[in-house]
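Heads up, structure.cif below (mmCIF, C-alpha atoms):
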```cif
data_work
#
loop_
_atom_site.label_atom_id
_atom_site.label_comp_id
_atom_site.auth_asym_id
_atom_site.auth_seq_id
_atom_site.Cartn_x
_atom_site.Cartn_y
_atom_site.Cartn_z
CA MET A 1 44.99 -45.18 5.30
CA SER A 2 48.41 -44.01 4.13
CA ARG A 3 49.52 -40.39 4.27
CA ASN A 4 49.67 -40.19 0.44
CA ALA A 5 46.09 -41.50 0.15
CA LYS A 6 44.85 -38.83 2.58
CA ILE A 7 46.61 -36.12 0.57
CA LYS A 8 45.00 -37.38 -2.68
CA ILE A 9 41.53 -37.34 -1.06
CA MET A 10 42.06 -33.77 0.20
CA ILE A 11 43.15 -32.63 -3.27
CA ILE A 12 40.10 -34.24 -4.90
CA LEU A 13 37.72 -32.65 -2.35
CA ASN A 14 39.29 -29.20 -2.85
CA VAL A 15 38.98 -29.51 -6.63
CA LEU A 16 35.33 -30.56 -6.35
CA PHE A 17 34.62 -27.66 -3.97
CA PHE A 18 36.32 -25.22 -6.32
CA LEU A 19 34.40 -26.51 -9.34
CA THR A 20 31.11 -26.34 -7.43
CA GLY A 21 31.87 -22.75 -6.43
CA CYS A 22 32.66 -21.81 -10.02
CA ASN A 23 29.41 -23.40 -11.13
CA ASP A 24 27.46 -21.36 -8.56
CA ILE A 25 29.18 -18.19 -9.79
CA ARG A 26 28.29 -19.00 -13.38
CA ILE A 27 24.69 -19.68 -12.36
CA LEU A 28 24.50 -16.36 -10.48
CA GLU A 29 25.99 -14.49 -13.42
CA ASP A 30 23.32 -15.98 -15.67
CA GLN A 31 20.49 -14.52 -13.55
CA ALA A 32 18.69 -11.25 -14.22
CA MET A 33 17.30 -10.09 -10.88
CA ILE A 34 14.04 -8.27 -11.62
CA GLN A 35 13.61 -5.30 -9.25
CA THR A 36 10.33 -3.84 -10.51
CA ILE A 37 7.63 -5.17 -12.80
CA THR A 38 4.88 -3.05 -14.38
CA TYR A 39 1.53 -3.96 -15.91
CA ASP A 40 -0.43 -1.65 -18.21
CA LEU A 41 -3.48 -2.02 -20.39
CA GLU A 42 -2.31 -1.93 -24.00
CA LYS A 43 -4.13 0.61 -26.16
CA LYS A 44 -6.12 -1.01 -28.93
CA ASN A 45 -5.16 -0.14 -32.50
CA ASP A 46 -7.80 -2.32 -34.19
CA ASP A 47 -11.25 -3.76 -33.64
CA SER A 48 -9.97 -6.69 -31.60
CA LYS A 49 -12.04 -7.48 -28.52
CA VAL A 50 -9.10 -9.16 -26.80
CA GLU A 51 -7.53 -6.99 -24.10
CA GLU A 52 -3.73 -7.05 -24.26
CA ILE A 53 -1.31 -5.97 -21.58
CA ASN A 54 2.08 -4.32 -21.71
CA VAL A 55 4.53 -5.77 -19.18
CA SER A 56 7.89 -4.18 -18.36
CA VAL A 57 10.67 -5.26 -16.01
CA SER A 58 13.68 -3.37 -14.66
CA ILE A 59 17.01 -5.13 -14.22
CA PRO A 60 19.94 -3.36 -12.52
CA ILE A 61 23.18 -3.13 -14.48
CA ALA A 62 25.84 -4.44 -12.12
CA GLU A 63 28.73 -2.57 -13.76
CA GLU A 64 26.98 0.82 -13.58
CA LYS A 65 25.61 1.97 -10.25
CA GLY A 66 22.17 3.55 -10.49
CA LYS A 67 21.59 2.27 -14.01
CA GLN A 68 18.86 -0.12 -15.08
CA LYS A 69 17.91 -2.06 -18.18
CA ILE A 70 14.20 -2.12 -19.00
CA ILE A 71 12.60 -4.59 -21.38
CA HIS A 72 8.97 -4.59 -22.54
CA ALA A 73 6.55 -7.13 -23.94
CA LYS A 74 2.99 -6.90 -25.23
CA ALA A 75 0.89 -10.02 -24.73
CA GLY A 76 -2.53 -11.43 -23.99
CA SER A 77 -1.53 -12.75 -20.55
CA SER A 78 1.15 -12.39 -17.91
CA LYS A 79 2.53 -15.84 -18.72
CA GLU A 80 2.84 -15.05 -22.42
CA ALA A 81 4.50 -11.73 -21.59
CA ARG A 82 7.03 -13.52 -19.40
CA LEU A 83 8.05 -15.78 -22.29
CA LYS A 84 8.42 -12.78 -24.60
CA LEU A 85 10.52 -10.93 -22.03
CA SER A 86 12.81 -13.92 -21.59
CA SER A 87 13.38 -14.11 -25.34
CA GLN A 88 14.82 -10.57 -25.31
CA THR A 89 17.76 -11.37 -23.05
CA GLY A 90 20.39 -14.03 -22.60
CA TRP A 91 19.78 -14.00 -18.85
CA ASN A 92 17.32 -16.05 -16.85
CA LEU A 93 14.69 -13.71 -15.43
CA VAL A 94 14.14 -14.37 -11.71
CA ASN A 95 11.86 -12.74 -9.12
CA GLY A 96 13.96 -13.28 -6.00
CA GLN A 97 14.86 -9.57 -5.67
CA LEU A 98 11.48 -8.18 -6.78
CA ARG A 99 10.73 -5.03 -4.77
CA THR A 100 7.76 -3.35 -6.41
CA ILE A 101 4.81 -4.25 -8.62
CA LEU A 102 3.36 -1.22 -10.44
CA ILE A 103 -0.05 -1.51 -12.12
CA GLY A 104 -1.56 1.14 -14.38
CA LYS A 105 -4.93 2.43 -13.19
CA SER A 106 -6.70 1.51 -16.45
CA LEU A 107 -5.71 -2.13 -16.07
CA ALA A 108 -6.41 -2.11 -12.32
CA GLY A 109 -9.97 -1.01 -13.12
CA LEU A 110 -10.49 -4.31 -14.94
CA GLY A 111 -9.02 -6.42 -12.12
CA VAL A 112 -5.53 -7.41 -11.00
CA ARG A 113 -5.97 -10.92 -9.59
CA THR A 114 -4.78 -12.86 -12.65
CA HIS A 115 -1.59 -10.78 -12.82
CA LEU A 116 -0.78 -11.04 -9.10
CA ASP A 117 -1.65 -14.69 -8.53
CA ALA A 118 1.36 -16.08 -10.40
CA LEU A 119 3.69 -13.75 -8.48
CA GLU A 120 2.07 -14.58 -5.16
CA ARG A 121 2.63 -18.30 -5.75
CA ASP A 122 6.34 -17.77 -6.49
CA PRO A 123 8.18 -18.85 -3.29
CA SER A 124 11.25 -16.80 -4.24
CA ILE A 125 9.35 -13.51 -3.81
CA GLY A 126 9.88 -12.02 -0.37
CA GLY A 127 7.32 -10.66 2.05
CA ARG A 128 8.40 -7.04 1.47
CA THR A 129 7.37 -6.90 -2.19
CA LYS A 130 5.04 -3.93 -2.59
CA VAL A 131 2.00 -3.38 -4.82
CA ALA A 132 1.23 0.16 -6.04
CA ILE A 133 -1.20 1.60 -8.57
CA VAL A 134 -0.09 4.26 -11.05
CA ASN A 135 -2.40 7.05 -12.14
CA GLY A 136 -1.18 6.90 -15.72
CA ASP A 137 1.25 4.63 -17.53
CA ALA A 138 3.29 2.48 -15.14
CA ALA A 139 5.93 1.62 -17.76
CA ALA A 140 6.49 5.32 -18.50
CA MET A 141 7.00 5.97 -14.79
CA LEU A 142 9.57 3.20 -14.51
CA SER A 143 11.40 4.26 -17.69
CA THR A 144 12.00 7.85 -16.54
CA ASP A 145 15.32 8.71 -14.89
CA TYR A 146 14.48 10.83 -11.83
CA ASP A 147 17.62 10.44 -9.72
CA LYS A 148 21.15 10.19 -11.11
CA GLN A 149 22.41 8.54 -7.92
CA GLN A 150 20.05 5.57 -7.94
CA GLY A 151 17.98 3.53 -10.36
CA THR A 152 14.31 4.40 -10.77
CA TYR A 153 13.36 1.02 -9.29
CA GLU A 154 15.22 1.96 -6.09
CA TYR A 155 13.87 5.52 -6.10
CA ILE A 156 10.25 4.29 -6.23
CA ASP A 157 10.86 1.62 -3.61
CA ARG A 158 12.35 4.16 -1.18
CA LEU A 159 9.57 6.65 -1.90
CA ILE A 160 6.92 4.11 -0.93
CA GLU A 161 8.79 3.12 2.23
CA LYS A 162 9.17 6.78 3.25
CA GLU A 163 5.49 7.54 2.72
CA VAL A 164 4.48 4.44 4.67
CA GLN A 165 6.60 5.69 7.58
CA ASN A 166 4.87 9.07 7.25
CA ASN A 167 1.47 7.30 7.31
CA THR A 168 0.59 8.69 3.89
CA PHE A 169 -0.69 5.23 3.07
CA PRO A 170 -0.77 1.81 4.75
CA GLY A 171 2.30 -0.39 4.52
CA LEU A 172 0.80 -3.27 2.57
CA SER A 173 2.78 -5.95 0.74
CA LEU A 174 1.76 -8.31 -2.06
CA TYR A 175 0.98 -10.86 0.65
CA HIS A 176 -1.32 -8.43 2.50
CA PHE A 177 -3.06 -7.40 -0.72
CA GLU A 178 -3.77 -11.03 -1.64
CA THR A 179 -4.87 -11.86 1.92
CA ASP A 180 -7.39 -9.01 1.93
CA TYR A 181 -8.61 -10.01 -1.53
CA TYR A 182 -9.44 -13.55 -0.39
CA ASP A 183 -11.01 -12.31 2.86
CA ASP A 184 -14.77 -11.80 2.40
CA GLY A 185 -14.87 -9.16 5.14
CA VAL A 186 -12.50 -6.54 3.73
CA ASP A 187 -11.40 -5.05 0.41
CA PRO A 188 -7.75 -4.40 -0.53
CA VAL A 189 -6.11 -0.98 -0.73
CA ALA A 190 -2.82 0.12 -2.28
CA PRO A 191 -0.65 3.24 -2.68
CA LEU A 192 -1.56 5.42 -5.66
CA LEU A 193 1.36 7.12 -7.43
CA ILE A 194 1.49 9.62 -10.28
CA LYS A 195 4.29 10.56 -12.66
CA LYS A 196 5.36 14.19 -12.57
CA LYS A 197 7.90 15.83 -14.85
CA THR A 198 10.89 15.47 -12.53
CA TYR A 199 9.63 13.21 -9.75
CA VAL A 200 7.08 10.60 -8.71
CA GLY A 201 4.22 12.05 -6.68
CA VAL A 202 1.80 10.54 -4.19
CA ASP A 203 -1.76 10.68 -5.54
CA GLY A 204 -3.54 9.05 -2.61
CA ILE A 205 -4.79 5.61 -1.63
CA ALA A 206 -6.32 3.29 -4.24
CA LEU A 207 -9.51 1.56 -3.07
CA PHE A 208 -10.58 -1.79 -4.50
CA GLN A 209 -13.76 -3.81 -4.70
CA ASP A 210 -12.43 -7.36 -4.66
CA ASP A 211 -9.53 -7.14 -7.16
CA ARG A 212 -10.88 -4.19 -9.16
CA TYR A 213 -9.79 -0.56 -8.64
CA VAL A 214 -12.83 1.63 -7.99
CA THR A 215 -11.79 5.01 -6.57
CA LYS A 216 -9.20 6.78 -4.44
CA ILE A 217 -8.76 8.68 -1.20
CA ASP A 218 -6.89 11.93 -1.78
CA SER A 219 -3.45 12.12 -0.17
CA THR A 220 -4.57 15.07 1.99
CA ARG A 221 -7.00 12.75 3.79
CA ALA A 222 -4.66 9.78 4.00
CA ILE A 223 -3.76 10.22 7.66
CA ILE A 224 -7.45 10.13 8.66
CA PHE A 225 -7.83 7.00 6.55
CA SER A 226 -4.93 5.41 8.42
CA LEU A 227 -6.49 6.23 11.80
CA ILE A 228 -9.52 4.11 10.88
CA HIS A 229 -7.62 1.46 8.93
CA GLN A 230 -4.87 0.63 11.40
CA GLU A 231 -2.99 1.69 14.51
CA LEU A 232 -0.47 4.52 14.21
CA ASP A 233 2.84 4.52 16.04
CA ASP A 234 4.38 7.87 15.08
CA GLY A 235 2.01 9.92 12.94
CA HIS A 236 1.57 13.62 12.24
CA ILE A 237 -1.74 15.42 11.72
CA ASN A 238 -2.36 19.06 10.87
CA PHE A 239 -5.67 20.51 12.07
CA ARG A 240 -7.07 23.78 10.81
CA TRP A 241 -10.48 25.27 11.48
CA THR A 242 -11.74 28.55 10.14
CA GLY A 243 -12.84 31.43 12.28
CA ASN A 244 -16.10 33.33 12.48
CA LYS A 245 -17.40 36.53 14.04
CA GLU A 246 -16.89 35.09 17.50
CA ALA A 247 -13.54 33.31 17.04
CA ASP A 248 -10.33 33.59 15.05
CA PRO A 249 -9.02 30.77 12.83
CA GLU A 250 -6.76 28.26 14.57
CA PHE A 251 -4.09 25.78 13.51
CA VAL A 252 -2.62 22.81 15.38
CA ALA A 253 0.32 20.66 14.29
CA PHE A 254 -0.12 17.37 16.16
CA SER A 255 2.96 15.14 16.17
CA ASN A 256 4.25 11.88 17.70
CA VAL A 257 0.74 10.55 17.23
CA LYS A 258 -0.05 7.09 18.57
CA SER A 259 -3.50 5.67 18.00
CA SER A 260 -5.62 2.60 18.56
CA ARG A 261 -8.99 1.65 17.14
CA LYS A 262 -11.88 -0.54 18.21
CA LEU A 263 -14.92 -1.68 16.25
CA ASN A 264 -18.10 -2.63 18.07
CA VAL A 265 -21.05 -4.18 16.21
CA LYS A 266 -24.72 -4.12 17.13
CA HIS A 267 -27.42 -5.75 15.03
CA ASP A 268 -31.10 -6.50 15.16
CA PRO A 269 -31.66 -10.18 14.23
CA LYS A 270 -35.21 -9.42 13.10
CA SER A 271 -34.51 -6.50 10.79
CA LYS A 272 -30.91 -7.49 10.02
CA ASP A 273 -29.90 -3.86 10.50
CA PHE A 274 -26.29 -3.35 11.58
CA THR A 275 -24.65 -0.53 13.49
CA VAL A 276 -20.86 -0.31 13.70
CA ASN A 277 -19.28 1.99 16.28
CA ILE A 278 -15.70 2.95 15.47
CA SER A 279 -13.75 4.24 18.46
CA VAL A 280 -10.33 5.79 17.92
CA LYS A 281 -8.01 6.86 20.73
CA VAL A 282 -5.31 9.33 19.77
CA LYS A 283 -2.37 10.53 21.86
CA GLY A 284 0.18 13.06 20.71
CA SER A 285 2.07 16.29 21.26
CA ILE A 286 1.28 19.74 19.97
CA LEU A 287 4.26 20.73 17.89
CA GLU A 288 2.78 24.11 16.97
CA TYR A 289 -0.36 26.08 17.80
CA LEU A 290 -1.54 29.22 16.00
CA GLY A 291 -4.51 30.94 17.59
CA ASN A 292 -5.71 33.31 20.26
CA LYS A 293 -5.93 30.76 23.09
CA SER A 294 -3.32 30.34 25.80
CA ILE A 295 -2.74 26.59 25.89
CA ARG A 296 -0.89 26.94 29.16
CA GLU A 297 -4.33 27.12 30.78
CA ASN A 298 -6.07 23.81 31.48
CA GLU A 299 -9.41 25.14 30.28
CA ASN A 300 -8.01 25.98 26.86
CA ARG A 301 -6.20 22.65 26.63
CA ALA A 302 -9.49 20.85 27.17
CA TYR A 303 -11.05 23.11 24.54
CA ILE A 304 -8.39 22.16 21.97
CA GLU A 305 -8.82 18.46 22.71
CA ARG A 306 -12.58 18.78 22.11
CA LYS A 307 -11.98 20.65 18.84
CA LEU A 308 -9.58 17.96 17.65
CA GLU A 309 -12.08 15.24 18.55
CA GLU A 310 -14.85 17.00 16.63
CA TYR A 311 -12.54 17.46 13.65
CA LEU A 312 -11.55 13.78 13.60
CA GLU A 313 -15.08 12.47 14.07
CA HIS A 314 -16.38 14.62 11.22
CA ASP A 315 -13.64 13.55 8.80
CA MET A 316 -13.81 9.89 9.82
CA GLU A 317 -17.56 9.74 9.20
CA ARG A 318 -17.10 11.44 5.82
CA LEU A 319 -14.48 8.86 4.80
CA VAL A 320 -16.58 5.88 5.87
CA ALA A 321 -19.61 7.31 4.04
CA PHE A 322 -17.43 7.75 0.94
CA THR A 323 -16.44 4.07 0.98
CA GLN A 324 -20.08 3.08 1.47
CA ARG A 325 -21.17 5.14 -1.54
CA HIS A 326 -18.62 3.30 -3.67
CA ASN A 327 -19.34 -0.03 -1.92
CA VAL A 328 -15.71 -0.71 -1.01
CA ASP A 329 -15.16 -2.07 2.49
CA SER A 330 -11.65 -0.68 2.82
CA PHE A 331 -11.77 -0.52 6.63
CA GLY A 332 -12.77 -4.15 7.15
CA LEU A 333 -16.12 -3.48 8.80
CA GLY A 334 -17.21 -6.82 7.36
CA LYS A 335 -14.62 -8.63 9.49
CA ALA A 336 -16.08 -7.07 12.63
CA VAL A 337 -19.63 -7.97 11.56
CA ARG A 338 -18.53 -11.52 10.69
CA ASN A 339 -16.99 -11.93 14.15
CA SER A 340 -20.32 -10.93 15.73
CA LEU A 341 -22.28 -13.63 13.86
CA ASP A 342 -22.17 -17.39 13.70
CA TYR A 343 -20.95 -19.08 10.52
CA GLU A 344 -24.40 -19.77 9.04
CA GLU A 345 -25.60 -16.21 9.68
CA TRP A 346 -22.56 -14.74 7.93
CA LYS A 347 -22.78 -17.06 4.94
CA SER A 348 -26.46 -16.27 4.45
CA LEU A 349 -25.65 -12.55 4.47
CA ASN A 350 -24.77 -10.82 1.21
CA TRP A 351 -22.27 -8.38 2.73
CA ARG A 352 -21.75 -6.51 -0.53
CA ASP A 353 -25.44 -5.57 -0.54
CA VAL A 354 -25.57 -4.86 3.19
CA TYR A 355 -22.41 -2.75 3.56
CA PRO A 356 -23.79 0.51 2.05
CA THR A 357 -26.75 0.37 4.46
CA VAL A 358 -24.76 -0.09 7.68
CA LYS A 359 -25.09 2.74 10.19
CA VAL A 360 -21.62 3.86 11.28
CA ASN A 361 -20.81 6.06 14.26
CA CYS A 362 -17.30 7.43 14.79
CA LYS A 363 -15.97 8.44 18.19
CA ALA A 364 -12.56 10.03 18.75
CA THR A 365 -10.79 10.53 22.07
CA VAL A 366 -7.78 12.85 21.99
CA GLU A 367 -5.16 13.18 24.70
CA ILE A 368 -2.54 15.92 24.42
CA ARG A 369 0.59 14.77 26.24
CA ASP A 370 2.70 17.91 25.96
CA TYR A 371 2.88 21.26 24.20
CA GLY A 372 5.53 22.77 22.00
CA LEU A 373 5.69 26.01 20.05
CA VAL A 374 2.90 28.52 20.65
CA LYS A 375 2.34 31.64 18.56
#
```
Output the structure of this file as structure tokens.
Amino acid sequence: MSRNAKIKIMIILNVLFFLTGCNDIRILEDQAMIQTITYDLEKKNDDSKVEEINVSVSIPIAEEKGKQKIIHAKAGSSKEARLKLSSQTGWNLVNGQLRTILIGKSLAGLGVRTHLDALERDPSIGGRTKVAIVNGDAAAMLSTDYDKQQGTYEYIDRLIEKEVQNNTFPGLSLYHFETDYYDDGVDPVAPLLIKKKTYVGVDGIALFQDDRYVTKIDSTRAIIFSLIHQELDDGHINFRWTGNKEADPEFVAFSNVKSSRKLNVKHDPKSKDFTVNISVKVKGSILEYLGNKSIRENENRAYIERKLEEYLEHDMERLVAFTQRHNVDSFGLGKAVRNSLDYEEWKSLNWRDVYPTVKVNCKATVEIRDYGLVK
């Protein structure tokens, strides 16, 4: 091949590469990267029996940092809403950067599966996409400007990540939510948020029966919920018990908490009665102690460990009983029971009917590793 022929081929290849690059740029510029999507139950204005939903999406404005464009659509289904949203913009709406899915509590009470299934099947959605329930109107929460330095979509995403790190609620993604929904031995849970005047607040943990929101765990009890639900790596628990005629009130700030849990199942094949023993081991450091005991003495240290164990066992049993009253297996006791049975036994068991009748015992073991501030 002559030198001139080689030069011509190189020129042609460079031109093709340049044109391909330009085409990719044009394609990218035509995309609207959805960051947050909200679903709300549309209020009825007539006698129609058809439930409609209000779907909103946030799209960052590239030229203006911290700004977002929000478009809304009212429709009878998520698919119809998507078509209506697309008709309001010249961009192609894509889910590749979707961070958060917010669902209004009213709609969540009717069930969320049909709205999440299409998103879960989208291969462009990453594993970090979060699902959260809003106590109120999700679209109103997304449309409010809380932080001038960042878009609301980013503000909410960071809030959820921070609270997960603080063990305020479990770190569950869309994938985890869907996995728990399809598992017949556990019910899904999700963060519960609430719109305040100038900020987004944490309202607790939303508990589901299958795909339907049923009730919540208050945020003040979230850390105890997490102890039963999962293992903690760096938690913080405040303990306070009131005094009486014989003892003064005491307070313990327990930090750097690491925990593990174990579920043991016993059942009587004849009566089909089940007992689940939940054992939680907790290790941590006392950051602060307020009371009349000298925790430098071994006897008093053992006393504090016993008090913490009693406190945890009492609150854990209350939480489990609460989920049983509402028939939501948020802690996955059904998975432990299923693992103790053979396939035919489990399939012949109506776990939804059995769960409220299960006897549950909670045992906590606390180990204090070191001591900090004492007053």
With the file shown as input, list the residues that the PyMOL selection byres ((chain A and resi 152) around 9) selects, as a ChimeraX atom specification. /A:58,66-68,141-148,150-151,153-157
Can I get the residues of segment 182-243 of chain A within 12 Å of segment 80-101 of chain A, each with the closest pair of atoms and their distance in Å to one decimal, using all atoms listed in the file, sorted chain first then ascending number, as a Markdown table?
```
| residue | atom | partner | partner_atom | distance |
| --- | --- | --- | --- | --- |
| A:Ala190 | CA | A:Ile101 | CA | 10.8 |
| A:Pro191 | CA | A:Ile101 | CA | 11.0 |
| A:Leu192 | CA | A:Ile101 | CA | 12.0 |
| A:Leu193 | CA | A:Ile101 | CA | 11.9 |
```
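A straight line drawn from atom CA of Val189 of chain A to atom CA of Tyr343 of chain A is 26.0 Å long.
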So which residues get picked by the PyMOL selection byres ((chain A and resi 277) around 9) here, written as a VMD selection string? chain A and resid 262 to 266 275 to 276 278 to 279 359 to 363
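The neighbours of Pro188 of chain A here are the residues that come within 7 Å of it, using only C-alpha atoms and leaving out any residue fewer than 4 positions away in the same chain; they are Phe177, Asp180, Tyr181, Leu207, Phe208, Asp210 and Ser330 of chain A.
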Can you tell me, as a PDB file with C-alpha atoms, in the frame of the given file, what residues are no more than 7 Å from Ala138 of chain A when counting all atoms listed in the file, ignoring any on the same chain fewer than 2 positions away?
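Saved the output as selection_28.pdb:
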```
ATOM      1  CA  THR A  38       4.880  -3.050 -14.380  1.00  0.00           C
ATOM      2  CA  TYR A  39       1.530  -3.960 -15.910  1.00  0.00           C
ATOM      3  CA  ASP A  40      -0.430  -1.650 -18.210  1.00  0.00           C
ATOM      4  CA  LEU A 102       3.360  -1.220 -10.440  1.00  0.00           C
ATOM      5  CA  ILE A 103      -0.050  -1.510 -12.120  1.00  0.00           C
ATOM      6  CA  GLY A 104      -1.560   1.140 -14.380  1.00  0.00           C
ATOM      7  CA  VAL A 134      -0.090   4.260 -11.050  1.00  0.00           C
ATOM      8  CA  GLY A 136      -1.180   6.900 -15.720  1.00  0.00           C
ATOM      9  CA  ALA A 140       6.490   5.320 -18.500  1.00  0.00           C
ATOM     10  CA  MET A 141       7.000   5.970 -14.790  1.00  0.00           C
ATOM     11  CA  LEU A 142       9.570   3.200 -14.510  1.00  0.00           C
TER      12      LEU A 142
END
```
At a cut-off of 10 Å, using all atoms listed in the file, what residues contact segment 254-261 of chain A? Leave out same-chain residues fewer than 2 positions from it and give the result as a VMD selection string. chain A and resid 226 to 239 251 to 252 263 278 to 289 308 363 to 369 371 to 372
Expressed in Å to a single decimal, how great is the separation between atom CA of Trp346 of chain A and atom CA of Val328 of chain A? 18.0 Å
Using the chain letters and numbers from the file, give me the residues hit by the PyMOL selection byres ((chain A and resi 355) around 10), as a list in words.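 Against this file, the PyMOL selection byres ((chain A and resi 355) around 10) returns the residues Phe274, Thr323, Gln324, Arg325, Asn327, Val328, Asp329, Leu333, Gly334, Val337, Asn350, Trp351, Arg352, Asp353, Val354, Pro356, Thr357, Val358 and Lys359 of chain A.
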Only C-alpha atoms, please: the residues just picked out, written as an mmCIF file, in the coordinates of the input.
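Full text of out08.cif as output:
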```cif
data_model
loop_
_atom_site.group_PDB
_atom_site.id
_atom_site.type_symbol
_atom_site.label_atom_id
_atom_site.label_comp_id
_atom_site.auth_asym_id
_atom_site.auth_seq_id
_atom_site.Cartn_x
_atom_site.Cartn_y
_atom_site.Cartn_z
ATOM 1 C CA PHE A 274 -26.290 -3.350 11.580
ATOM 2 C CA THR A 323 -16.440 4.070 0.980
ATOM 3 C CA GLN A 324 -20.080 3.080 1.470
ATOM 4 C CA ARG A 325 -21.170 5.140 -1.540
ATOM 5 C CA ASN A 327 -19.340 -0.030 -1.920
ATOM 6 C CA VAL A 328 -15.710 -0.710 -1.010
ATOM 7 C CA ASP A 329 -15.160 -2.070 2.490
ATOM 8 C CA LEU A 333 -16.120 -3.480 8.800
ATOM 9 C CA GLY A 334 -17.210 -6.820 7.360
ATOM 10 C CA VAL A 337 -19.630 -7.970 11.560
ATOM 11 C CA ASN A 350 -24.770 -10.820 1.210
ATOM 12 C CA TRP A 351 -22.270 -8.380 2.730
ATOM 13 C CA ARG A 352 -21.750 -6.510 -0.530
ATOM 14 C CA ASP A 353 -25.440 -5.570 -0.540
ATOM 15 C CA VAL A 354 -25.570 -4.860 3.190
ATOM 16 C CA PRO A 356 -23.790 0.510 2.050
ATOM 17 C CA THR A 357 -26.750 0.370 4.460
ATOM 18 C CA VAL A 358 -24.760 -0.090 7.680
ATOM 19 C CA LYS A 359 -25.090 2.740 10.190
#
```
Of the listed residues A:Val57, A:Ala222, A:Val214, A:Leu159, that which approaches Val200 of chain A most closely, counting all atoms listed in the file: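 When distances to Val200 of chain A are compared using all atoms listed in the file, the smallest one comes from A:Leu159.
Between atom CA of Ser56 of chain A and atom CA of Asn135 of chain A the interatomic distance comes to 16.5 Å.
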Ile37 of chain A proximity check over A:Val320, A:Leu174, A:Val55, A:Ile205, using only C-alpha atoms: winner is A:Val55
With all atoms of segment 107-126 of chain A from the file as input, state the centre and edge lengths in Å to one decimal of the axis-aligned box that has 8 Å extra on each side, as AutoDock Vina command-line options.
```
--center_x 0.4 --center_y -9.9 --center_z -8.2 --size_x 37.7 --size_y 33.8 --size_z 31.7
```
A:Tyr175, A:Ala139, A:Ile125, A:Glu52: which is nearest His72 of chain A, counting only C-alpha atoms?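 Of A:Tyr175, A:Ala139, A:Ile125, A:Glu52, the one nearest His72 of chain A is A:Ala139, counting only C-alpha atoms.
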Reconstruct N, CA and C atoms of segment 301-313 of chain A; output as a compact mmCIF listing (two decimals), in the coordinates of the input.
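Contents of rebuild13.txt, freshly written:
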```txt
# COMPACT_ATOMS: atom_id res chain seq x y z
N ARG A 301 -6.70 23.94 27.09
CA ARG A 301 -6.20 22.65 26.63
C ARG A 301 -7.36 21.69 26.40
N ALA A 302 -8.30 21.70 27.32
CA ALA A 302 -9.49 20.85 27.17
C ALA A 302 -10.30 21.27 25.95
N TYR A 303 -10.35 22.59 25.71
CA TYR A 303 -11.05 23.11 24.54
C TYR A 303 -10.42 22.59 23.24
N ILE A 304 -9.09 22.62 23.17
CA ILE A 304 -8.39 22.16 21.97
C ILE A 304 -8.60 20.67 21.76
N GLU A 305 -8.57 19.90 22.84
CA GLU A 305 -8.82 18.46 22.71
C GLU A 305 -10.21 18.20 22.15
N ARG A 306 -11.21 18.95 22.62
CA ARG A 306 -12.58 18.78 22.11
C ARG A 306 -12.65 19.15 20.63
N LYS A 307 -11.97 20.23 20.25
CA LYS A 307 -11.98 20.65 18.84
C LYS A 307 -11.34 19.59 17.95
N LEU A 308 -10.24 19.00 18.43
CA LEU A 308 -9.58 17.96 17.65
C LEU A 308 -10.47 16.73 17.53
N GLU A 309 -11.17 16.39 18.59
CA GLU A 309 -12.08 15.24 18.55
C GLU A 309 -13.21 15.48 17.56
N GLU A 310 -13.78 16.68 17.57
CA GLU A 310 -14.85 17.00 16.63
C GLU A 310 -14.34 16.95 15.19
N TYR A 311 -13.15 17.46 14.98
CA TYR A 311 -12.54 17.46 13.65
C TYR A 311 -12.37 16.03 13.15
N LEU A 312 -11.80 15.17 13.99
CA LEU A 312 -11.55 13.78 13.60
C LEU A 312 -12.85 13.03 13.34
N GLU A 313 -13.81 13.19 14.23
CA GLU A 313 -15.08 12.47 14.07
C GLU A 313 -15.78 12.86 12.77
```
